[in-house]
file run-v9.cif (mmCIF, C-alpha atoms and all ligand atoms)
data_input
#
loop_
_atom_site.label_atom_id
_atom_site.label_comp_id
_atom_site.auth_asym_id
_atom_site.auth_seq_id
_atom_site.Cartn_x
_atom_site.Cartn_y
_atom_site.Cartn_z
CA MET T 1 6.28 -41.67 28.74
CA ILE T 2 2.68 -41.72 27.54
CA ILE T 3 2.04 -38.30 26.04
CA THR T 4 -1.43 -36.78 26.00
CA PRO T 5 -2.57 -33.28 25.02
CA LYS T 6 -2.83 -30.74 27.81
CA THR T 7 -4.73 -27.82 26.34
CA ARG T 8 -6.21 -24.66 27.74
CA GLY T 9 -7.60 -22.13 25.30
CA PHE T 10 -5.05 -21.64 22.56
CA ILE T 11 -2.20 -23.21 24.54
CA CYS T 12 -1.13 -26.85 24.49
CA THR T 13 1.71 -27.52 26.91
CA THR T 14 2.63 -30.96 25.60
CA ALA T 15 3.62 -32.21 22.15
CA HIS T 16 3.96 -35.72 20.72
CA PRO T 17 7.29 -36.39 18.99
CA ASP T 18 5.99 -39.18 16.74
CA GLY T 19 2.81 -37.24 16.00
CA CYS T 20 4.79 -34.14 15.03
CA ALA T 21 7.01 -36.33 12.85
CA ALA T 22 3.91 -37.76 11.15
CA HIS T 23 2.56 -34.23 10.63
CA VAL T 24 5.82 -33.13 9.00
CA GLN T 25 6.01 -36.32 6.91
CA GLY T 26 2.47 -35.69 5.63
CA GLN T 27 3.58 -32.26 4.41
CA ILE T 28 6.71 -33.71 2.80
CA ASP T 29 4.60 -36.38 1.07
CA PHE T 30 2.26 -33.71 -0.28
CA VAL T 31 5.18 -31.76 -1.77
CA LYS T 32 6.79 -34.85 -3.26
CA ALA T 33 3.50 -35.81 -4.93
CA GLN T 34 3.57 -32.47 -6.81
CA PRO T 35 5.81 -31.80 -9.81
CA ARG T 36 9.34 -30.74 -8.91
CA LEU T 37 9.94 -27.00 -8.99
CA GLU T 38 12.38 -26.02 -11.69
CA GLY T 39 14.22 -22.78 -11.02
CA GLY T 40 13.46 -22.96 -7.31
CA PRO T 41 15.89 -21.62 -4.71
CA LYS T 42 18.81 -23.83 -3.73
CA LYS T 43 20.02 -22.28 -0.45
CA VAL T 44 17.31 -21.02 1.84
CA LEU T 45 17.24 -19.29 5.22
CA VAL T 46 13.89 -19.49 7.00
CA VAL T 47 13.40 -17.27 10.05
CA GLY T 48 10.51 -18.76 12.05
CA ALA T 49 11.03 -22.21 10.51
CA SER T 50 9.58 -24.59 13.10
CA THR T 51 5.78 -24.32 12.82
CA GLY T 52 3.01 -22.95 10.62
CA TYR T 53 3.89 -21.03 7.49
CA GLY T 54 7.62 -20.98 8.22
CA LEU T 55 7.85 -24.77 8.53
CA ALA T 56 5.98 -25.16 5.23
CA SER T 57 8.38 -22.60 3.73
CA ARG T 58 11.27 -24.85 4.72
CA ILE T 59 9.65 -28.06 3.50
CA VAL T 60 8.65 -26.77 0.04
CA PRO T 61 12.08 -25.63 -1.24
CA ALA T 62 13.81 -28.64 0.34
CA PHE T 63 11.53 -31.29 -1.12
CA ALA T 64 10.33 -29.56 -4.30
CA SER T 65 13.67 -28.23 -5.50
CA GLY T 66 16.31 -29.95 -3.37
CA ALA T 67 17.29 -26.85 -1.40
CA ASP T 68 19.69 -26.75 1.52
CA THR T 69 18.02 -24.97 4.43
CA LEU T 70 19.07 -23.18 7.59
CA GLY T 71 16.14 -22.79 9.98
CA VAL T 72 15.85 -20.27 12.82
CA PHE T 73 13.26 -20.63 15.59
CA PHE T 74 12.65 -20.30 19.32
CA GLU T 75 11.57 -23.65 20.74
CA LYS T 76 11.74 -25.49 24.04
CA PRO T 77 14.00 -28.56 24.03
CA PRO T 78 12.82 -31.75 25.74
CA THR T 79 13.99 -33.21 29.04
CA GLU T 80 13.68 -36.80 30.29
CA ARG T 81 10.43 -35.84 32.01
CA LYS T 82 8.96 -33.05 29.88
CA THR T 83 8.14 -32.94 26.21
CA ALA T 84 9.69 -30.36 23.91
CA SER T 85 7.52 -27.76 22.20
CA ALA T 86 5.99 -28.92 18.92
CA GLY T 87 8.33 -26.85 16.77
CA TRP T 88 11.31 -28.68 18.25
CA TYR T 89 9.90 -32.05 17.24
CA ASN T 90 8.84 -30.70 13.82
CA SER T 91 12.38 -29.49 13.21
CA ALA T 92 13.95 -32.76 14.36
CA ALA T 93 11.70 -34.66 11.94
CA PHE T 94 12.33 -32.20 9.10
CA GLU T 95 16.11 -32.39 9.52
CA ALA T 96 16.12 -36.18 9.58
CA ALA T 97 14.05 -36.37 6.37
CA ALA T 98 16.13 -33.69 4.61
CA LYS T 99 19.40 -35.37 5.57
CA ASP T 100 18.05 -38.69 4.25
CA GLU T 101 17.81 -36.95 0.87
CA GLY T 102 21.39 -35.74 1.17
CA LEU T 103 20.39 -32.14 1.84
CA TYR T 104 22.10 -29.74 4.23
CA ALA T 105 19.69 -28.95 7.09
CA ARG T 106 20.77 -27.28 10.30
CA SER T 107 18.95 -25.03 12.75
CA ILE T 108 19.53 -22.21 15.21
CA ASN T 109 17.36 -22.19 18.32
CA GLY T 110 17.19 -18.81 20.02
CA ASP T 111 16.04 -15.24 19.76
CA ALA T 112 15.97 -14.24 16.09
CA PHE T 113 15.67 -10.58 17.11
CA SER T 114 19.14 -10.61 18.70
CA ASN T 115 22.37 -9.49 17.05
CA GLU T 116 24.11 -12.61 18.39
CA LEU T 117 21.77 -15.00 16.60
CA LYS T 118 22.03 -13.05 13.35
CA ALA T 119 25.83 -13.18 13.59
CA ALA T 120 25.66 -16.95 14.17
CA ALA T 121 23.44 -17.37 11.11
CA VAL T 122 25.78 -15.28 8.96
CA ALA T 123 28.78 -17.33 10.13
CA GLU T 124 27.03 -20.64 9.50
CA ILE T 125 25.87 -19.59 6.03
CA ALA T 126 29.42 -18.47 5.16
CA ARG T 127 30.84 -21.75 6.49
CA ALA T 128 28.37 -24.27 5.14
CA MET T 129 26.29 -22.72 2.38
CA GLY T 130 28.39 -19.93 0.94
CA GLN T 131 25.42 -17.70 0.24
CA VAL T 132 21.63 -17.96 0.44
CA ASP T 133 19.43 -17.21 -2.56
CA CYS T 134 16.15 -17.06 -0.63
CA VAL T 135 15.20 -15.68 2.79
CA VAL T 136 11.75 -16.38 4.21
CA TYR T 137 10.77 -14.23 7.16
CA SER T 138 7.92 -15.91 9.05
CA LEU T 139 8.20 -14.84 12.68
CA ALA T 140 5.14 -14.53 14.89
CA SER T 141 6.10 -13.39 18.36
CA PRO T 142 4.40 -11.73 21.32
CA ARG T 143 7.51 -9.74 22.27
CA ARG T 144 10.82 -8.43 21.01
CA THR T 145 13.90 -7.23 22.81
CA ASP T 146 15.47 -4.37 20.88
CA PRO T 147 19.01 -5.57 20.08
CA GLU T 148 20.54 -2.12 20.56
CA THR T 149 18.71 -0.70 23.58
CA GLY T 150 17.64 -3.90 25.38
CA GLU T 151 14.13 -2.47 25.67
CA VAL T 152 11.38 -5.11 25.56
CA TYR T 153 8.37 -4.42 23.31
CA LYS T 154 5.10 -6.36 23.51
CA SER T 155 2.65 -6.86 20.69
CA CYS T 156 -1.10 -6.86 21.25
CA LEU T 157 -4.19 -7.69 19.21
CA LYS T 158 -6.47 -4.72 19.72
CA PRO T 159 -8.68 -2.43 17.66
CA ILE T 160 -7.72 1.18 17.06
CA GLY T 161 -10.01 4.14 17.69
CA GLY T 162 -12.98 2.32 19.21
CA THR T 163 -14.20 -0.68 21.17
CA TYR T 164 -14.78 -3.85 19.14
CA THR T 165 -17.52 -6.31 20.05
CA GLN T 166 -17.95 -9.44 18.00
CA LYS T 167 -18.98 -13.08 18.14
CA ASN T 168 -16.32 -15.50 19.26
CA VAL T 169 -16.04 -19.20 20.00
CA ASP T 170 -14.77 -20.40 23.36
CA THR T 171 -12.71 -23.26 21.98
CA ASP T 172 -12.57 -25.11 25.33
CA LYS T 173 -16.33 -25.11 25.87
CA ALA T 174 -17.41 -25.09 22.20
CA GLU T 175 -19.70 -22.18 23.05
CA ILE T 176 -20.48 -19.03 21.14
CA GLU T 177 -19.94 -15.92 23.22
CA GLU T 178 -19.40 -12.26 22.64
CA VAL T 179 -15.99 -10.71 23.04
CA THR T 180 -15.34 -7.03 23.63
CA ILE T 181 -11.87 -5.57 23.15
CA GLU T 182 -10.96 -2.08 24.23
CA PRO T 183 -8.95 0.02 21.76
CA ALA T 184 -5.17 0.23 21.90
CA ASP T 185 -3.43 3.42 22.95
CA GLU T 186 -0.61 4.96 20.90
CA ASP T 187 2.07 3.19 22.90
CA GLU T 188 0.48 -0.24 22.34
CA ILE T 189 0.26 0.46 18.61
CA ALA T 190 3.93 1.50 18.50
CA GLN T 191 5.02 -1.56 20.48
CA THR T 192 3.11 -3.94 18.19
CA VAL T 193 4.76 -2.33 15.16
CA LYS T 194 8.16 -2.80 16.83
CA VAL T 195 7.50 -6.52 17.32
CA MET T 196 5.51 -7.56 14.24
CA GLY T 197 6.48 -4.81 11.76
CA GLY T 198 9.34 -5.10 9.31
CA GLU T 199 12.21 -3.59 11.30
CA ASP T 200 13.73 -6.95 12.18
CA TRP T 201 13.28 -8.27 8.62
CA GLU T 202 15.30 -5.25 7.41
CA LEU T 203 17.96 -5.94 10.04
CA TRP T 204 18.23 -9.55 8.84
CA ILE T 205 18.64 -8.49 5.21
CA ASP T 206 21.18 -5.82 6.25
CA ALA T 207 23.18 -8.36 8.23
CA LEU T 208 23.18 -10.91 5.40
CA ALA T 209 23.89 -8.43 2.59
CA SER T 210 26.64 -6.57 4.46
CA ALA T 211 28.38 -9.85 5.22
CA GLY T 212 28.23 -10.91 1.57
CA VAL T 213 26.18 -14.05 2.26
CA LEU T 214 23.14 -12.95 0.27
CA ALA T 215 23.47 -14.08 -3.35
CA ASP T 216 22.93 -11.70 -6.26
CA GLY T 217 19.34 -12.10 -7.44
CA ALA T 218 18.17 -13.39 -4.05
CA THR T 219 14.47 -13.38 -3.20
CA THR T 220 13.06 -12.54 0.21
CA VAL T 221 9.45 -12.83 1.33
CA ALA T 222 7.46 -12.09 4.50
CA TYR T 223 3.83 -12.91 5.26
CA SER T 224 0.74 -10.84 5.88
CA TYR T 225 -3.01 -11.27 6.24
CA ILE T 226 -6.06 -9.22 5.29
CA GLY T 227 -9.18 -11.38 5.75
CA PRO T 228 -12.86 -10.45 5.86
CA GLU T 229 -14.34 -7.16 7.04
CA LEU T 230 -15.78 -8.73 10.17
CA THR T 231 -12.25 -9.25 11.54
CA TRP T 232 -10.82 -5.95 10.29
CA PRO T 233 -11.22 -4.09 13.61
CA VAL T 234 -9.00 -6.67 15.35
CA TYR T 235 -6.76 -7.49 12.39
CA LYS T 236 -6.35 -5.33 9.28
CA ASP T 237 -7.41 -2.07 10.94
CA GLY T 238 -6.07 -3.00 14.39
CA THR T 239 -2.63 -3.00 15.98
CA ILE T 240 -1.41 -6.02 13.99
CA GLY T 241 -2.63 -4.37 10.79
CA ARG T 242 -0.45 -1.35 11.57
CA ALA T 243 2.50 -3.71 11.96
CA LYS T 244 1.71 -5.26 8.57
CA ILE T 245 1.63 -1.79 6.96
CA HIS T 246 5.11 -1.29 8.39
CA LEU T 247 6.10 -4.71 6.99
CA GLU T 248 5.06 -3.53 3.52
CA GLU T 249 7.06 -0.31 3.93
CA SER T 250 10.07 -2.41 4.95
CA CYS T 251 9.49 -4.59 1.90
CA ALA T 252 9.78 -1.55 -0.37
CA ARG T 253 13.05 -0.50 1.33
CA ILE T 254 14.47 -4.01 1.07
CA ALA T 255 13.46 -4.22 -2.60
CA ASP T 256 15.30 -0.92 -3.26
CA ARG T 257 18.36 -2.27 -1.53
CA LEU T 258 18.38 -5.60 -3.38
CA SER T 259 17.31 -4.50 -6.84
CA PRO T 260 20.76 -3.27 -8.04
CA SER T 261 22.01 -6.87 -7.68
CA GLY T 262 18.83 -8.32 -9.20
CA GLY T 263 17.28 -9.22 -5.83
CA ARG T 264 13.58 -9.11 -5.05
CA ALA T 265 11.46 -8.59 -1.92
CA PHE T 266 7.79 -9.45 -1.53
CA VAL T 267 5.00 -9.46 0.99
CA SER T 268 2.74 -12.43 0.41
CA VAL T 269 -0.80 -12.19 1.76
CA ASN T 270 -1.65 -15.71 2.92
CA LYS T 271 -4.96 -17.29 3.84
CA ALA T 272 -6.24 -17.91 7.37
CA VAL T 273 -5.01 -21.26 8.70
CA VAL T 274 -4.87 -22.84 12.14
CA THR T 275 -1.49 -22.10 13.71
CA GLN T 276 -0.29 -21.30 17.19
CA ALA T 277 -0.26 -17.62 16.20
CA SER T 278 -3.74 -17.46 14.61
CA SER T 279 -5.46 -19.40 17.38
CA ALA T 280 -4.52 -16.58 19.78
CA ILE T 281 -6.47 -13.95 17.80
CA PRO T 282 -10.02 -13.30 19.10
CA VAL T 283 -12.85 -13.98 16.59
CA VAL T 284 -10.48 -15.63 14.06
CA PRO T 285 -11.04 -19.28 15.23
CA LEU T 286 -14.80 -18.94 14.64
CA TYR T 287 -14.19 -17.31 11.27
CA ILE T 288 -11.76 -20.12 10.33
CA SER T 289 -14.34 -22.74 11.37
CA LEU T 290 -16.94 -21.22 9.02
CA LEU T 291 -14.38 -20.64 6.29
CA PHE T 292 -13.10 -24.23 6.37
CA LYS T 293 -16.62 -25.65 6.06
CA LYS T 294 -17.23 -23.66 2.87
CA MET T 295 -13.76 -24.13 1.36
CA LYS T 296 -13.84 -27.88 2.01
CA ALA T 297 -17.29 -28.11 0.42
CA GLU T 298 -15.99 -26.22 -2.63
CA GLY T 299 -12.82 -28.34 -2.89
CA LEU T 300 -10.74 -25.23 -2.14
CA HIS T 301 -9.38 -26.17 1.28
CA GLU T 302 -5.70 -25.45 1.85
CA ASP T 303 -3.40 -25.63 4.84
CA CYS T 304 0.08 -24.08 5.17
CA ILE T 305 1.79 -26.59 2.90
CA GLU T 306 -0.66 -26.23 -0.01
CA GLN T 307 -0.45 -22.45 0.30
CA ILE T 308 3.33 -22.34 0.30
CA ARG T 309 3.61 -24.84 -2.58
CA ARG T 310 1.42 -22.45 -4.56
CA LEU T 311 3.51 -19.47 -3.42
CA PHE T 312 6.74 -21.01 -4.74
CA GLY T 313 5.19 -22.71 -7.77
CA ASP T 314 3.01 -19.88 -9.05
CA HIS T 315 4.98 -16.87 -7.87
CA LEU T 316 8.48 -17.09 -6.40
CA CYS T 317 9.97 -19.51 -8.95
CA GLY T 318 9.01 -17.19 -11.78
CA GLU T 319 7.54 -13.74 -12.21
CA PRO T 320 4.97 -13.25 -9.44
CA GLY T 321 1.54 -11.87 -10.10
CA LEU T 322 1.00 -8.87 -7.82
CA ASP T 323 -2.07 -6.94 -6.67
CA ASP T 324 -2.48 -3.18 -7.05
CA ALA T 325 -0.46 -2.63 -3.88
CA GLY T 326 2.41 -4.80 -5.15
CA ARG T 327 1.67 -7.82 -2.94
CA ILE T 328 1.47 -11.53 -3.79
CA ARG T 329 -2.05 -12.81 -3.02
CA ILE T 330 -2.28 -16.50 -2.15
CA ASP T 331 -5.38 -15.63 -0.10
CA ASP T 332 -7.19 -15.40 -3.45
CA TRP T 333 -9.28 -18.54 -2.89
CA GLU T 334 -10.26 -17.48 0.65
CA MET T 335 -11.30 -14.06 -0.64
CA ARG T 336 -13.44 -15.34 -3.53
CA ASP T 337 -16.90 -13.72 -3.60
CA GLY T 338 -18.77 -17.01 -3.21
CA VAL T 339 -16.70 -18.00 -0.17
CA GLN T 340 -16.87 -14.63 1.56
CA SER T 341 -20.58 -14.05 0.88
CA HIS T 342 -21.34 -17.48 2.35
CA VAL T 343 -19.37 -16.78 5.55
CA ALA T 344 -21.03 -13.35 5.87
CA GLU T 345 -24.46 -14.95 5.48
CA VAL T 346 -23.88 -17.72 8.04
CA TRP T 347 -22.02 -15.56 10.58
CA PRO T 348 -25.14 -13.99 12.20
CA GLN T 349 -26.89 -17.39 12.33
CA VAL T 350 -24.23 -19.37 14.20
CA THR T 351 -25.06 -20.27 17.81
CA THR T 352 -23.73 -22.76 20.35
CA ALA T 353 -26.51 -25.15 19.35
CA ASN T 354 -25.73 -25.17 15.61
CA LEU T 355 -21.95 -24.54 15.79
CA ARG T 356 -21.01 -28.03 14.57
CA GLU T 357 -23.67 -28.02 11.87
CA LEU T 358 -22.93 -24.61 10.35
CA SER T 359 -19.17 -24.61 10.82
CA ASP T 360 -16.24 -26.99 10.68
CA PHE T 361 -15.47 -26.51 14.38
CA ASP T 362 -14.51 -30.18 14.67
CA GLY T 363 -12.04 -29.68 11.82
CA TYR T 364 -10.69 -26.59 13.58
CA GLN T 365 -10.13 -28.52 16.79
CA SER T 366 -8.51 -31.50 15.15
CA ASN T 367 -6.31 -29.14 13.13
CA PHE T 368 -5.29 -27.40 16.37
CA LEU T 369 -4.37 -30.70 18.06
CA LYS T 370 -2.35 -31.76 15.00
CA LEU T 371 -0.15 -28.68 15.53
CA PHE T 372 1.08 -30.48 18.64
CA GLY T 373 1.27 -33.93 17.07
CA PHE T 374 -2.05 -35.30 18.36
CA GLY T 375 -4.69 -37.08 16.26
CA LEU T 376 -2.35 -38.18 13.45
CA GLY T 377 -3.06 -41.48 11.73
CA GLY T 378 -0.54 -44.27 12.24
CA VAL T 379 0.68 -43.04 15.63
CA ASP T 380 0.11 -45.25 18.69
CA TYR T 381 -0.75 -42.71 21.36
CA ASP T 382 -1.08 -45.42 24.03
CA ALA T 383 2.53 -46.50 23.56
CA GLU T 384 5.50 -45.17 25.50
CA ALA T 385 7.21 -42.39 23.53
CA ASP T 386 10.75 -41.14 24.07
CA PRO T 387 10.50 -37.34 24.47
CA LEU T 388 14.17 -36.85 23.62
CA ARG T 389 14.79 -35.97 19.97
CA GLY T 390 17.92 -34.30 18.69
CA ILE T 391 18.38 -31.38 16.33
CA ASP T 392 21.58 -30.47 14.49
CA LEU T 393 21.87 -27.10 16.20
CA VAL T 394 24.33 -24.35 15.41
CA GLU T 395 25.68 -23.34 18.81
CA PHE T 396 26.20 -19.66 19.52
P1 LIG G 401 3.56 -19.75 14.09
O1 LIG G 401 3.23 -19.38 15.49
O2 LIG G 401 3.13 -21.08 13.60
O3 LIG G 401 5.16 -19.66 13.86
C1 LIG G 401 5.96 -18.68 14.42
C2 LIG G 401 7.42 -19.04 14.24
O4 LIG G 401 8.21 -17.96 14.78
C3 LIG G 401 7.88 -20.30 14.97
O5 LIG G 401 8.84 -20.97 14.18
C4 LIG G 401 8.55 -19.76 16.24
O6 LIG G 401 9.55 -20.62 16.79
C5 LIG G 401 9.19 -18.51 15.65
N1 LIG G 401 9.53 -17.50 16.67
C6 LIG G 401 8.71 -16.79 17.47
N2 LIG G 401 9.44 -15.93 18.22
C7 LIG G 401 10.74 -16.10 17.88
C8 LIG G 401 11.96 -15.50 18.27
N3 LIG G 401 12.02 -14.51 19.18
N4 LIG G 401 13.11 -15.94 17.71
C9 LIG G 401 13.10 -16.94 16.78
N5 LIG G 401 11.96 -17.53 16.35
C10 LIG G 401 10.80 -17.11 16.89
O7 LIG G 401 3.02 -18.56 13.18
P2 LIG G 401 2.35 -18.46 11.72
O8 LIG G 401 0.89 -18.37 11.89
O9 LIG G 401 2.94 -19.45 10.78
O10 LIG G 401 2.82 -16.98 11.32
C11 LIG G 401 3.95 -16.71 10.53
C12 LIG G 401 3.68 -15.45 9.71
O11 LIG G 401 2.56 -15.70 8.85
C13 LIG G 401 3.29 -14.23 10.56
O12 LIG G 401 3.85 -13.08 10.00
C14 LIG G 401 1.77 -14.19 10.43
O13 LIG G 401 1.24 -12.89 10.63
C15 LIG G 401 1.63 -14.65 8.98
N6 LIG G 401 0.28 -15.13 8.61
C16 LIG G 401 -0.37 -16.08 9.36
C17 LIG G 401 -1.65 -16.48 8.98
C18 LIG G 401 -2.41 -17.52 9.78
O14 LIG G 401 -3.61 -17.69 9.57
N7 LIG G 401 -1.75 -18.24 10.68
C19 LIG G 401 -2.25 -15.95 7.84
C20 LIG G 401 -1.55 -15.03 7.07
C21 LIG G 401 -0.28 -14.63 7.47
#
call {"tool": "encode", "arguments": {"input": "run-v9.cif", "output": "structure tokens", "more": "lines below"}}
Ligand code: NAD
result
Amino acid sequence: MIITPKTRGFICTTAHPDGCAAHVQGQIDFVKAQPRLEGGPKKVLVVGASTGYGLASRIVPAFASGADTLGVFFEKPPTERKTASAGWYNSAAFEAAAKDEGLYARSINGDAFSNELKAAAVAEIARAMGQVDCVVYSLASPRRTDPETGEVYKSCLKPIGGTYTQKNVDTDKAEIEEVTIEPADEDEIAQTVKVMGGEDWELWIDALASAGVLADGATTVAYSYIGPELTWPVYKDGTIGRAKIHLEESCARIADRLSPSGGRAFVSVNKAVVTQASSAIPVVPLYISLLFKKMKAEGLHEDCIEQIRRLFGDHLCGEPGLDDAGRIRIDDWEMRDGVQSHVAEVWPQVTTANLRELSDFDGYQSNFLKLFGFGLGGVDYDAEADPLRGIDLVEF
């Protein structure tokens, strides 16, 4: 079939298998062009491994330090007539490249929040890897079914304590508008914490450690975001921010649990990048467009792969530098004074008329399409593409 993008807002319902493969290969090439990572992990479990930060967290240890990887994700497989979701194609391409290098690379497609999937991961690690020495937790999900009660919790992106009105870009129309979000009630806050907080990360570590498949001295990391004050009402101080506070509390509990055997747990605060998760957050796409313009001009631009290479190279493979709250900060370049003061200065000036001049909105859009395998060099988008691509899945 000829595959074209079908986008509406922050959703794209098609994905290009060869484009996704090219996107993954570009990230692999970047990692291989860097020095190899000595002392990097050798057996890695990545939960949320198919797109965004999780995919980069699978690529870096595999191609910088020759790690075997088990990836967990929730993606839609292809049919003869419908494309798979992008993360499926990314994972197919990753596995093929990793296997070419002689690395173990298998995946589990399903609900990472469930007890059944965790049991399948434990069994596969015991069978094929023995133990894992690194666990990356990079889930971004709108809902979670509690594995014990069956109750379904939904996360939301809302302010707390007051209405939030801010500038926003309508990404379909390329128009600046104003968005107003009503505050969350207590139940919405609690549900968001259930989904995006650290409870499930703790359950993963519990499951792995109790089964004896977590190596002594293992490292685990999960991701957070802080960003600029103008997004705080909908991010840091909003419902998702509450979930991230819970994630940090979970991190401390996991660290206590792992430290007797030399293990370590970290929250890494990462920079704003274009992913399926971040494009769904109001205000953030406009902020990213302004941020990218400045960071590109300063030679500071990074996407997921550059960020995660820095995370492993500068922090996880040795003694990490931590902020006052004990977190790794790879958002340090984003948060530099010169970058933030520029964004704050331009923010009130941006209008529909000058959007493309003052911001890197075009870069934002092309980055968004690349998430789904569109707009990659070397791919013939007019040619027939076979939507069927296989993954070496662990059945459960
Ligand atoms: P993403 O949407 O690109 O990836 C989410 C991953 O989770 C995918 O692999 C998806 O398949 C998987 N997933 C979702 N629900 C699942 C389920 N029920 N079972 C199994 N897998 C499931 O997201 P991302 O932006 O890379 O976010 C990953 C983490 O990074 C999040 O904690 C996010 O808050 C954090 N973060 C993101 C940014 C950003 O700008 N995107 C910045 C800082 C931190």
call {"tool": "residues_near_ligand", "arguments": {"input": "run-v9.cif", "ligand": "ligand LIG 401 (chain G)", "cutoff": "6 Å", "atoms": "only C-alpha atoms and all ligand atoms", "output": "ChimeraX atom specification"}}
result
/T:48-54,72-75,110-113,138-141,223-225,270-278
call {"tool": "closest_atom_pairs", "arguments": {"input": "run-v9.cif", "of": "segment 137-205 of chain T", "to": "segment 362-382 of chain T", "cutoff": "10 Å", "atoms": "only C-alpha atoms", "output": "Markdown table"}}
result
| residue | atom | partner | partner_atom | distance |
| --- | --- | --- | --- | --- |
| T:Thr171 | CA | T:Gln365 | CA | 7.8 |
| T:Asp172 | CA | T:Gln365 | CA | 9.5 |
| T:Ala174 | CA | T:Asp362 | CA | 9.5 |
call {"tool": "residues_around", "arguments": {"input": "run-v9.cif", "residues": "Ala385 of chain T", "least_positions_apart": "6", "cutoff": "8 Å", "atoms": "only C-alpha atoms", "output": "ChimeraX atom specification"}}
result
/T:1-3,16-18
call {"tool": "closest_residue", "arguments": {"input": "run-v9.cif", "among": "T:Asp170, T:Glu188, T:Ala121, T:Ala353", "to": "Tyr153 of chain T", "atoms": "all atoms listed in the file"}}
result
T:Glu188
call {"tool": "residues_around", "arguments": {"input": "run-v9.cif", "residues": "segment 232-243 of chain T", "least_positions_apart": "6", "cutoff": "6 Å", "atoms": "all atoms listed in the file", "output": "PyMOL selection string"}}
result
chain T and resi 157-160+189+193+196-197+226
call {"tool": "residues_around", "arguments": {"input": "run-v9.cif", "residues": "Leu286 of chain T", "least_positions_apart": "5", "cutoff": "12 Å", "atoms": "only C-alpha atoms", "output": "ChimeraX atom specification"}}
result
/T:166-171,174-179,230-231,272-274,278-281,291-293,343,346-348,350-352,355-356,358-365
call {"tool": "atom_distance", "arguments": {"input": "run-v9.cif", "atom1": "atom CA of Ile108 of chain T", "atom2": "atom CA of Thr83 of chain T"}}
result
19.1 Å
call {"tool": "closest_residue", "arguments": {"input": "run-v9.cif", "among": "T:Leu55, T:Cys317, T:Leu258, T:Ala252", "to": "Ser107 of chain T", "atoms": "all atoms listed in the file"}}
result
T:Leu55
call {"tool": "residues_around", "arguments": {"input": "run-v9.cif", "residues": "Pro320 of chain T", "least_positions_apart": "2", "cutoff": "12 Å", "atoms": "all atoms listed in the file", "output": "tab-separated table (two decimals) with C-alpha atoms, in the frame of the given file"}}
result
chain	number	residue	atom	x	y	z
T	219	THR	CA	14.47	-13.38	-3.20
T	221	VAL	CA	9.45	-12.83	1.33
T	264	ARG	CA	13.58	-9.11	-5.05
T	265	ALA	CA	11.46	-8.59	-1.92
T	266	PHE	CA	7.79	-9.45	-1.53
T	267	VAL	CA	5.00	-9.46	0.99
T	268	SER	CA	2.74	-12.43	0.41
T	310	ARG	CA	1.42	-22.45	-4.56
T	311	LEU	CA	3.51	-19.47	-3.42
T	312	PHE	CA	6.74	-21.01	-4.74
T	313	GLY	CA	5.19	-22.71	-7.77
T	314	ASP	CA	3.01	-19.88	-9.05
T	315	HIS	CA	4.98	-16.87	-7.87
T	316	LEU	CA	8.48	-17.09	-6.40
T	317	CYS	CA	9.97	-19.51	-8.95
T	318	GLY	CA	9.01	-17.19	-11.78
T	322	LEU	CA	1.00	-8.87	-7.82
T	323	ASP	CA	-2.07	-6.94	-6.67
T	326	GLY	CA	2.41	-4.80	-5.15
T	327	ARG	CA	1.67	-7.82	-2.94
T	328	ILE	CA	1.47	-11.53	-3.79
T	329	ARG	CA	-2.05	-12.81	-3.02
T	330	ILE	CA	-2.28	-16.50	-2.15
call {"tool": "residues_around", "arguments": {"input": "run-v9.cif", "residues": "Val31 of chain T", "least_positions_apart": "5", "cutoff": "9 Å", "atoms": "all atoms listed in the file", "output": "ChimeraX atom specification"}}
result
/T:26,36,59-60,63-64,305-306,309
call {"tool": "atom_distance", "arguments": {"input": "run-v9.cif", "atom1": "atom CA of Trp201 of chain T", "atom2": "atom CA of Arg257 of chain T"}}
result
12.8 Å
call {"tool": "axis_aligned_box", "arguments": {"input": "run-v9.cif", "around": "segment 24-43 of chain T", "padding_each_side": "8 Å", "output": "JSON"}}
result
{"center_x": 11.1, "center_y": -29.0, "center_z": -1.3, "size_x": 33.8, "size_y": 30.8, "size_z": 36.7}
call {"tool": "atom_distance", "arguments": {"input": "run-v9.cif", "atom1": "atom CA of Leu103 of chain T", "atom2": "atom CA of Ala62 of chain T"}}
result
7.6 Å
